[in-house]
Protein chains: 2
Amino acid sequence: MAHYGYFNSTIAPVDQLAVGITDLGLLRGYGLFDYFLTYNGRPFQWDWYWERFQNSASRMHLPLPLSKDRTYAILMDLLDRGDATDTAFRFVMTGGYSADSISVEQPNLLILAESIHPVPAVQYEKGIKVILDDYVREMAEVKSTDYKRVILMAEAIRSAGASDLLYQKGGEISELSRSNFFLVKGNQIVTPDRHILHGITRRTVIQLAQRDFQVEERPVLLSELYDADEAFTTSSTKKVLPITQIGELTIGDGHVGPVSRSLLAQFNEVIETW
Amino acid sequence: MAHYGYFNSTIAPVDQLAVGITDLGLLRGYGLFDYFLTYNGRPFQWDWYWERFQNSASRMHLPLPLSKDRTYAILMDLLDRGDATDTAFRFVMTGGYSADSISVEQPNLLILAESIHPVPAVQYEKGIKVILDDYVREMAEVKSTDYKRVILMAEAIRSAGASDLLYQKGGEISELSRSNFFLVKGNQIVTPDRHILHGITRRTVIQLAQRDFQVEERPVLLSELYDADEAFTTSSTKKVLPITQIGELTIGDGHVGPVSRSLLAQFNEVIETW
């Protein structure tokens, strides 16, 4: 399937887009991104994603070259040029081209339409395994392009038969490598509130969960894993994905629990009618 | 001046080189680099730079696509195509193009010839000012492309009238943003030995200093700044550059000291006869 992308005022097929080699994202890791899906041809939670992207840009001192409305028009243009009703969008904004390889002059902004890679159904049925990693992301609140850690740990994840990392530092849990973390215990749902990227799916799920549960956003400790009934992770791609094993520890009875199942069903309702 | 670069088996003028937008260096910050100069047409300390680049690549699980000899031949080719006797070389190796934006398939390797940007003479005469920053680089031993911090702090550095950051964490000094740190106290020269990139200029200067001084590689504390006679920083571009002010603290009598001066002279002798 052909996808189109926008790069500094030009729209072209994605495989024809390229970035010059003095880009500070490439040379110095100075970049941020965002990623979201459309449902029924409309960007899901667009207001929230734009707000977050704006906030990341501001925290990295990069002026946004496009207004919200202009950006939305570009998204619709890219979607129209593709041959599917829905798509994934990736924003990548870097420090731009730099004559001295270190000073920011003007950001480079890429907006890419991409295929959606849904999570295999079996992972929703069985839950996933993650492994603990003694790590906390630098500037976790900003969706920077810094994902070195999970790529570096790819082999460790694979050899443990796991799907991802669960970051903890000093016994405090933060997040998975690209998604947020929740624990369920009775009528209570807890999720870390610091050293995390504030996920838009996390925010959506918290709103849904508040109708039936007591939801607490607060520091979550490793020790709380031992008596949790359920655990799950949220992201735009994963939606509400149950976690049934964390390292050697089985969560609850090791099966996908009713709360995870119900929240996934509620989330699916939201996107179906988006 | 026209510079040439090598990218995945192709040699072309640098401004014609571009990287596709699925590169993991760009999308995920998964990249490493190295940087060195030639003197008298020969790459300075080539054996040591190659060893370090190999080591960084291995730590990031990226297989080097070229042998040492083949790489050297490319360097000579790039130098020949330029119009100067000497040049700077930058290696950039990333996780390569990735279909799913996260899995490493085959690295991308860039080798660029660049203009040398010498430090202004006044900085050697007066010394530079740096400001302290409560930070330690992640995987400092690997020359990754992660230089977010110093770009993020550019305005703070400028507004303090400083040239760079000096990283410290919990009272322990590590390094400047792109160079190593030394203190002089009487006949003793100390330099941090952990949470640092092991600079090639650092290694060269230690060898020179050992002829006349007692050199210690060990953790260096902030408290040691107060009674130091001199401070300086080393890198391929900076050579031996005196630091006369650290935040509000004046080092020694605030003038460039005889040890920094002598080590710079000795370093200049080494490169003149390289």
# chains A, B, ... in the order shown; residues from 1 in each chain; ligands from 1

call {"tool": "residues_around", "arguments": {"residues": "His255 (chain B)", "least_positions_apart": "4", "cutoff": "12 Å", "atoms": "only C-alpha atoms", "output": "list in words"}}
result
Gln123, Tyr124, Glu125, Lys126, Gly127, Ile128, Lys129, Asp229, Glu230, Ala231, Phe232, Pro242, Ile243, Thr244, Gln245, Thr250, Ile251, Val259, Ser260 and Arg261 of chain B

call {"tool": "interface_residues", "arguments": {"of": "chain A", "to": "chain B", "cutoff": "9 Å", "atoms": "only C-alpha atoms", "output": "ChimeraX atom specification"}}
result
/A:14-33,59-61,92,94-95,100,102-104,110,117,138,144-152,154

call {"tool": "residues_around", "arguments": {"residues": "Thr237 (chain B)", "least_positions_apart": "6", "cutoff": "12 Å", "atoms": "only C-alpha atoms", "output": "number ranges by chain"}}
result
B: 35-38, 44, 87-89, 115-120, 178-180, 199-202, 268

call {"tool": "atom_distance", "arguments": {"atom1": "CA of Glu248 (chain A)", "atom2": "CA of His198 (chain A)"}}
result
27.8 Å

call {"tool": "residues_around", "arguments": {"residues": "Val136 (chain A)", "least_positions_apart": "6", "cutoff": "7 Å", "atoms": "only C-alpha atoms", "output": "list in words"}}
result
Tyr167, Gln168, Lys169 and His195 of chain A

call {"tool": "write_last_selection", "arguments": {"atoms": "all heavy atoms", "output": "CSV table (one decimal), in the first residue's frame"}}
result
chain,number,residue,atom,x,y,z
A,167,TYR,N,9.8,-0.7,33.0
A,167,TYR,CA,10.8,0.1,33.6
A,167,TYR,C,10.5,0.3,35.1
A,167,TYR,O,9.4,0.6,35.5
A,167,TYR,CB,11.0,1.5,33.0
A,167,TYR,CG,11.5,1.4,31.5
A,167,TYR,CD1,10.9,2.3,30.6
A,167,TYR,CD2,12.4,0.5,31.1
A,167,TYR,CE1,11.3,2.3,29.3
A,167,TYR,CE2,12.8,0.5,29.8
A,167,TYR,CZ,12.3,1.4,28.9
A,167,TYR,OH,12.7,1.3,27.6
A,168,GLN,N,11.5,0.1,36.0
A,168,GLN,CA,11.4,0.4,37.4
A,168,GLN,C,12.8,1.0,37.8
A,168,GLN,O,13.8,0.6,37.3
A,168,GLN,CB,11.0,-0.8,38.2
A,168,GLN,CG,12.1,-1.9,38.3
A,168,GLN,CD,13.1,-1.7,39.4
A,168,GLN,OE1,12.8,-1.0,40.4
A,168,GLN,NE2,14.2,-2.4,39.3
A,169,LYS,N,12.7,1.8,38.8
A,169,LYS,CA,14.0,2.4,39.3
A,169,LYS,C,13.8,2.6,40.8
A,169,LYS,O,12.8,3.2,41.3
A,169,LYS,CB,14.2,3.8,38.7
A,169,LYS,CG,15.6,4.3,38.9
A,169,LYS,CD,16.6,3.8,37.8
A,169,LYS,CE,18.0,4.1,38.1
A,169,LYS,NZ,18.9,3.4,37.1
A,195,HIS,N,7.6,10.2,35.9
A,195,HIS,CA,8.6,9.5,35.1
A,195,HIS,C,7.9,8.8,33.9
A,195,HIS,O,8.4,7.7,33.5
A,195,HIS,CB,9.5,8.6,35.9
A,195,HIS,CG,10.0,9.2,37.1
A,195,HIS,ND1,10.7,10.4,37.1
A,195,HIS,CD2,10.0,8.9,38.4
A,195,HIS,CE1,11.1,10.8,38.3
A,195,HIS,NE2,10.7,9.8,39.1

call {"tool": "select_by_dssp", "arguments": {"residues": "region 127-248 of chain A", "states": "helix (DSSP H, G or I)", "output": "number ranges by chain"}}
result
A: 148-152, 154-159, 200-209, 222-225

call {"tool": "write_last_selection", "arguments": {"atoms": "C-alpha atoms", "output": "short mmCIF file (atom, residue, chain, number, x, y, z; two decimals), in the first residue's frame"}}
result
data_model
loop_
_atom_site.label_atom_id
_atom_site.label_comp_id
_atom_site.auth_asym_id
_atom_site.auth_seq_id
_atom_site.Cartn_x
_atom_site.Cartn_y
_atom_site.Cartn_z
CA LYS A 148 17.75 3.43 22.61
CA ARG A 149 16.99 1.32 25.65
CA VAL A 150 14.35 -0.96 24.20
CA ILE A 151 16.32 -1.50 21.00
CA LEU A 152 19.41 -2.27 23.05
CA ALA A 154 15.69 -6.44 22.12
CA GLU A 155 17.68 -9.65 22.48
CA ALA A 156 17.07 -9.85 26.25
CA ILE A 157 13.32 -9.44 25.65
CA ARG A 158 13.29 -12.09 22.94
CA SER A 159 15.30 -14.61 24.91
CA ILE A 200 -3.57 9.66 25.34
CA THR A 201 -4.91 6.11 25.54
CA ARG A 202 -4.03 6.17 29.25
CA ARG A 203 -6.13 9.33 29.61
CA THR A 204 -9.02 7.83 27.67
CA VAL A 205 -8.94 4.61 29.71
CA ILE A 206 -8.78 6.51 33.01
CA GLN A 207 -11.96 8.36 32.01
CA LEU A 208 -13.69 5.07 31.21
CA ALA A 209 -12.46 3.35 34.37
CA LEU A 222 7.16 -3.13 42.64
CA SER A 223 5.84 -4.66 45.85
CA GLU A 224 2.28 -3.94 44.69
CA LEU A 225 2.69 -6.46 41.89
#

call {"tool": "atom_distance", "arguments": {"atom1": "CA of Val215 (chain B)", "atom2": "CA of Ser235 (chain B)"}}
result
17.8 Å

call {"tool": "residues_around", "arguments": {"residues": "Ala228 (chain A)", "least_positions_apart": "5", "cutoff": "10 Å", "atoms": "only C-alpha atoms", "output": "list in words"}}
result
Leu183, Val184, Lys185, Gly186, Gln188, Ile189, Ser223, Thr250, Ile251, Gly252 and Asp253 of chain A

call {"tool": "write_last_selection", "arguments": {"atoms": "N, CA, C and O atoms", "output": "compact mmCIF listing (two decimals), in the first residue's frame"}}
result
# COMPACT_ATOMS: atom_id res chain seq x y z
N LEU A 183 -2.37 -1.29 37.28
CA LEU A 183 -2.63 -2.46 38.14
C LEU A 183 -4.07 -2.41 38.62
O LEU A 183 -4.59 -1.32 38.91
N VAL A 184 -4.69 -3.58 38.75
CA VAL A 184 -6.04 -3.68 39.28
C VAL A 184 -5.98 -4.49 40.58
O VAL A 184 -5.36 -5.55 40.63
N LYS A 185 -6.65 -3.94 41.64
CA LYS A 185 -6.72 -4.69 42.91
C LYS A 185 -8.12 -4.42 43.48
O LYS A 185 -8.41 -3.30 43.93
N GLY A 186 -8.97 -5.40 43.39
CA GLY A 186 -10.35 -5.20 43.85
C GLY A 186 -11.02 -4.11 43.04
O GLY A 186 -10.99 -4.13 41.79
N GLN A 188 -10.04 -1.10 42.92
CA GLN A 188 -9.07 -0.02 42.75
C GLN A 188 -8.20 -0.25 41.51
O GLN A 188 -7.74 -1.36 41.27
N ILE A 189 -8.00 0.83 40.75
CA ILE A 189 -7.07 0.78 39.62
C ILE A 189 -6.00 1.84 39.85
O ILE A 189 -6.34 3.00 40.10
N SER A 223 6.45 -3.76 44.86
CA SER A 223 5.84 -4.66 45.85
C SER A 223 4.35 -4.83 45.62
O SER A 223 3.75 -5.82 46.04
N THR A 250 3.81 -14.36 38.16
CA THR A 250 2.51 -14.46 37.49
C THR A 250 1.56 -13.47 38.14
O THR A 250 1.48 -13.39 39.38
N ILE A 251 0.85 -12.70 37.35
CA ILE A 251 -0.07 -11.71 37.90
C ILE A 251 -1.44 -12.37 38.10
O ILE A 251 -1.98 -12.98 37.16
N GLY A 252 -2.00 -12.22 39.31
CA GLY A 252 -3.29 -12.84 39.64
C GLY A 252 -3.22 -14.34 39.40
O GLY A 252 -2.29 -14.99 39.84
N ASP A 253 -4.19 -14.87 38.68
CA ASP A 253 -4.19 -16.32 38.42
C ASP A 253 -3.54 -16.64 37.08
O ASP A 253 -3.64 -17.77 36.59

call {"tool": "residues_around", "arguments": {"residues": "Gly247 (chain B)", "least_positions_apart": "2", "cutoff": "7 Å", "atoms": "only C-alpha atoms", "output": "PDB file with N, CA and C atoms, in the first residue's frame"}}
result
ATOM      1  N   VAL B 130      32.405  27.561  32.159  1.00  0.00           N
ATOM      2  CA  VAL B 130      31.375  26.527  31.997  1.00  0.00           C
ATOM      3  C   VAL B 130      30.394  26.649  33.162  1.00  0.00           C
ATOM      4  N   ILE B 131      29.204  26.092  32.991  1.00  0.00           N
ATOM      5  CA  ILE B 131      28.251  26.079  34.108  1.00  0.00           C
ATOM      6  C   ILE B 131      27.957  24.640  34.505  1.00  0.00           C
ATOM      7  N   LEU B 132      27.734  24.438  35.775  1.00  0.00           N
ATOM      8  CA  LEU B 132      27.438  23.101  36.288  1.00  0.00           C
ATOM      9  C   LEU B 132      26.032  22.676  35.886  1.00  0.00           C
ATOM     10  N   GLN B 245      36.635  29.547  34.768  1.00  0.00           N
ATOM     11  CA  GLN B 245      35.485  29.798  35.635  1.00  0.00           C
ATOM     12  C   GLN B 245      34.462  28.671  35.510  1.00  0.00           C
ATOM     13  N   LEU B 249      32.298  30.204  40.423  1.00  0.00           N
ATOM     14  CA  LEU B 249      33.611  29.924  41.020  1.00  0.00           C
ATOM     15  C   LEU B 249      34.756  30.196  40.040  1.00  0.00           C
TER      16      LEU B 249
END

call {"tool": "select_by_dssp", "arguments": {"residues": "region 45-189 of chain A", "states": "strand (DSSP E or B)", "output": "PyMOL selection string"}}
result
chain A and resi 88-94+97+108-114+128-134+144+164-169+172-176+180-185+188-189

call {"tool": "atom_distance", "arguments": {"atom1": "CA of Gln45 (chain B)", "atom2": "CA of Asp212 (chain B)"}}
result
22.1 Å

call {"tool": "residues_around", "arguments": {"residues": "Pro192 (chain B)", "least_positions_apart": "4", "cutoff": "8 Å", "atoms": "only C-alpha atoms", "output": "PyMOL selection string"}}
result
chain B and resi 173-175+181-182+196+217-220

call {"tool": "write_last_selection", "arguments": {"atoms": "N, CA and C atoms", "output": "PDB file, in the first residue's frame"}}
result
ATOM      1  N   ILE B 173      31.781  14.845  39.586  1.00  0.00           N
ATOM      2  CA  ILE B 173      31.940  15.415  38.242  1.00  0.00           C
ATOM      3  C   ILE B 173      32.194  14.301  37.226  1.00  0.00           C
ATOM      4  N   SER B 174      31.589  14.405  36.062  1.00  0.00           N
ATOM      5  CA  SER B 174      31.906  13.428  35.021  1.00  0.00           C
ATOM      6  C   SER B 174      32.655  14.072  33.842  1.00  0.00           C
ATOM      7  N   GLU B 175      31.983  14.913  33.086  1.00  0.00           N
ATOM      8  CA  GLU B 175      32.602  15.420  31.854  1.00  0.00           C
ATOM      9  C   GLU B 175      31.864  16.664  31.394  1.00  0.00           C
ATOM     10  N   PHE B 181      37.335  16.251  31.320  1.00  0.00           N
ATOM     11  CA  PHE B 181      37.632  17.258  32.348  1.00  0.00           C
ATOM     12  C   PHE B 181      38.859  16.864  33.166  1.00  0.00           C
ATOM     13  N   PHE B 182      39.716  17.827  33.436  1.00  0.00           N
ATOM     14  CA  PHE B 182      40.920  17.623  34.252  1.00  0.00           C
ATOM     15  C   PHE B 182      41.048  18.738  35.283  1.00  0.00           C
ATOM     16  N   ILE B 196      31.912   8.601  31.872  1.00  0.00           N
ATOM     17  CA  ILE B 196      32.509   9.475  30.855  1.00  0.00           C
ATOM     18  C   ILE B 196      32.685   8.734  29.536  1.00  0.00           C
ATOM     19  N   GLU B 217      43.379   8.793  37.585  1.00  0.00           N
ATOM     20  CA  GLU B 217      42.050   8.614  36.992  1.00  0.00           C
ATOM     21  C   GLU B 217      41.171   8.017  38.075  1.00  0.00           C
ATOM     22  N   ARG B 218      40.213   8.806  38.553  1.00  0.00           N
ATOM     23  CA  ARG B 218      39.384   8.371  39.692  1.00  0.00           C
ATOM     24  C   ARG B 218      38.172   9.298  39.796  1.00  0.00           C
ATOM     25  N   PRO B 219      37.159   8.932  40.602  1.00  0.00           N
ATOM     26  CA  PRO B 219      36.040   9.859  40.784  1.00  0.00           C
ATOM     27  C   PRO B 219      36.540  11.210  41.280  1.00  0.00           C
ATOM     28  N   VAL B 220      36.027  12.289  40.716  1.00  0.00           N
ATOM     29  CA  VAL B 220      36.437  13.649  41.097  1.00  0.00           C
ATOM     30  C   VAL B 220      35.211  14.366  41.655  1.00  0.00           C
TER      31      VAL B 220
END

call {"tool": "decode", "arguments": {"residues": "region 61-85 of chain A", "atoms": "N, CA, C and O atoms", "output": "compact mmCIF listing (two decimals), in the first residue's frame"}}
result
# COMPACT_ATOMS: atom_id res chain seq x y z
N HIS A 61 12.07 23.38 23.14
CA HIS A 61 12.40 24.69 22.55
C HIS A 61 12.37 24.68 21.03
O HIS A 61 13.18 25.35 20.39
N LEU A 62 11.47 23.90 20.47
CA LEU A 62 11.35 23.87 19.01
C LEU A 62 10.03 24.54 18.61
O LEU A 62 8.96 24.07 19.01
N PRO A 63 10.08 25.63 17.85
CA PRO A 63 8.84 26.28 17.42
C PRO A 63 8.12 25.43 16.38
O PRO A 63 8.72 24.92 15.44
N LEU A 64 6.80 25.26 16.58
CA LEU A 64 6.02 24.49 15.62
C LEU A 64 5.85 25.29 14.33
O LEU A 64 5.37 26.42 14.37
N PRO A 65 6.21 24.71 13.21
CA PRO A 65 6.11 25.47 11.95
C PRO A 65 4.69 25.51 11.38
O PRO A 65 4.45 26.26 10.44
N LEU A 66 3.76 24.74 11.93
CA LEU A 66 2.40 24.69 11.38
C LEU A 66 1.37 24.95 12.47
O LEU A 66 1.58 24.59 13.62
N SER A 67 0.25 25.56 12.07
CA SER A 67 -0.86 25.73 13.00
C SER A 67 -1.62 24.40 13.13
O SER A 67 -1.44 23.48 12.32
N LYS A 68 -2.49 24.33 14.12
CA LYS A 68 -3.29 23.13 14.32
C LYS A 68 -4.19 22.86 13.10
O LYS A 68 -4.29 21.72 12.63
N ASP A 69 -4.84 23.90 12.61
CA ASP A 69 -5.76 23.73 11.48
C ASP A 69 -5.03 23.29 10.21
O ASP A 69 -5.48 22.42 9.48
N ARG A 70 -3.89 23.93 9.97
CA ARG A 70 -3.11 23.58 8.78
C ARG A 70 -2.64 22.13 8.88
O ARG A 70 -2.65 21.38 7.91
N THR A 71 -2.22 21.73 10.07
CA THR A 71 -1.76 20.36 10.28
C THR A 71 -2.90 19.38 10.03
O THR A 71 -2.73 18.34 9.36
N TYR A 72 -4.07 19.72 10.53
CA TYR A 72 -5.24 18.84 10.33
C TYR A 72 -5.53 18.69 8.84
O TYR A 72 -5.81 17.58 8.35
N ALA A 73 -5.44 19.79 8.12
CA ALA A 73 -5.69 19.74 6.66
C ALA A 73 -4.68 18.82 5.97
O ALA A 73 -5.03 18.06 5.05
N ILE A 74 -3.43 18.87 6.44
CA ILE A 74 -2.40 17.99 5.86
C ILE A 74 -2.72 16.53 6.16
O ILE A 74 -2.60 15.65 5.30
N LEU A 75 -3.16 16.25 7.38
CA LEU A 75 -3.53 14.87 7.75
C LEU A 75 -4.62 14.35 6.81
O LEU A 75 -4.55 13.22 6.31
N MET A 76 -5.64 15.19 6.58
CA MET A 76 -6.76 14.77 5.72
C MET A 76 -6.28 14.55 4.29
O MET A 76 -6.69 13.60 3.61
N ASP A 77 -5.37 15.40 3.84
CA ASP A 77 -4.79 15.27 2.51
C ASP A 77 -4.04 13.93 2.38
O ASP A 77 -4.23 13.15 1.43
N LEU A 78 -3.20 13.63 3.39
CA LEU A 78 -2.42 12.39 3.36
C LEU A 78 -3.34 11.17 3.40
O LEU A 78 -3.09 10.17 2.70
N LEU A 79 -4.39 11.26 4.19
CA LEU A 79 -5.33 10.14 4.30
C LEU A 79 -6.04 9.92 2.96
O LEU A 79 -6.16 8.78 2.48
N ASP A 80 -6.45 11.02 2.33
CA ASP A 80 -7.13 10.94 1.03
C ASP A 80 -6.27 10.26 -0.04
O ASP A 80 -6.78 9.56 -0.91
N ARG A 81 -4.98 10.55 0.00
CA ARG A 81 -4.10 10.00 -1.03
C ARG A 81 -3.86 8.51 -0.85
O ARG A 81 -3.45 7.82 -1.77
N GLY A 82 -4.05 7.99 0.36
CA GLY A 82 -3.88 6.56 0.60
C GLY A 82 -5.12 5.81 0.14
O GLY A 82 -6.10 6.41 -0.32
N ASP A 83 -5.10 4.49 0.24
CA ASP A 83 -6.24 3.72 -0.25
C ASP A 83 -6.97 3.00 0.86
O ASP A 83 -7.70 2.04 0.63
N ALA A 84 -6.82 3.47 2.10
CA ALA A 84 -7.54 2.85 3.22
C ALA A 84 -8.38 3.92 3.92
O ALA A 84 -8.08 5.11 3.83
N THR A 85 -9.43 3.48 4.61
CA THR A 85 -10.26 4.42 5.38
C THR A 85 -9.47 4.99 6.55
O THR A 85 -9.60 6.16 6.89
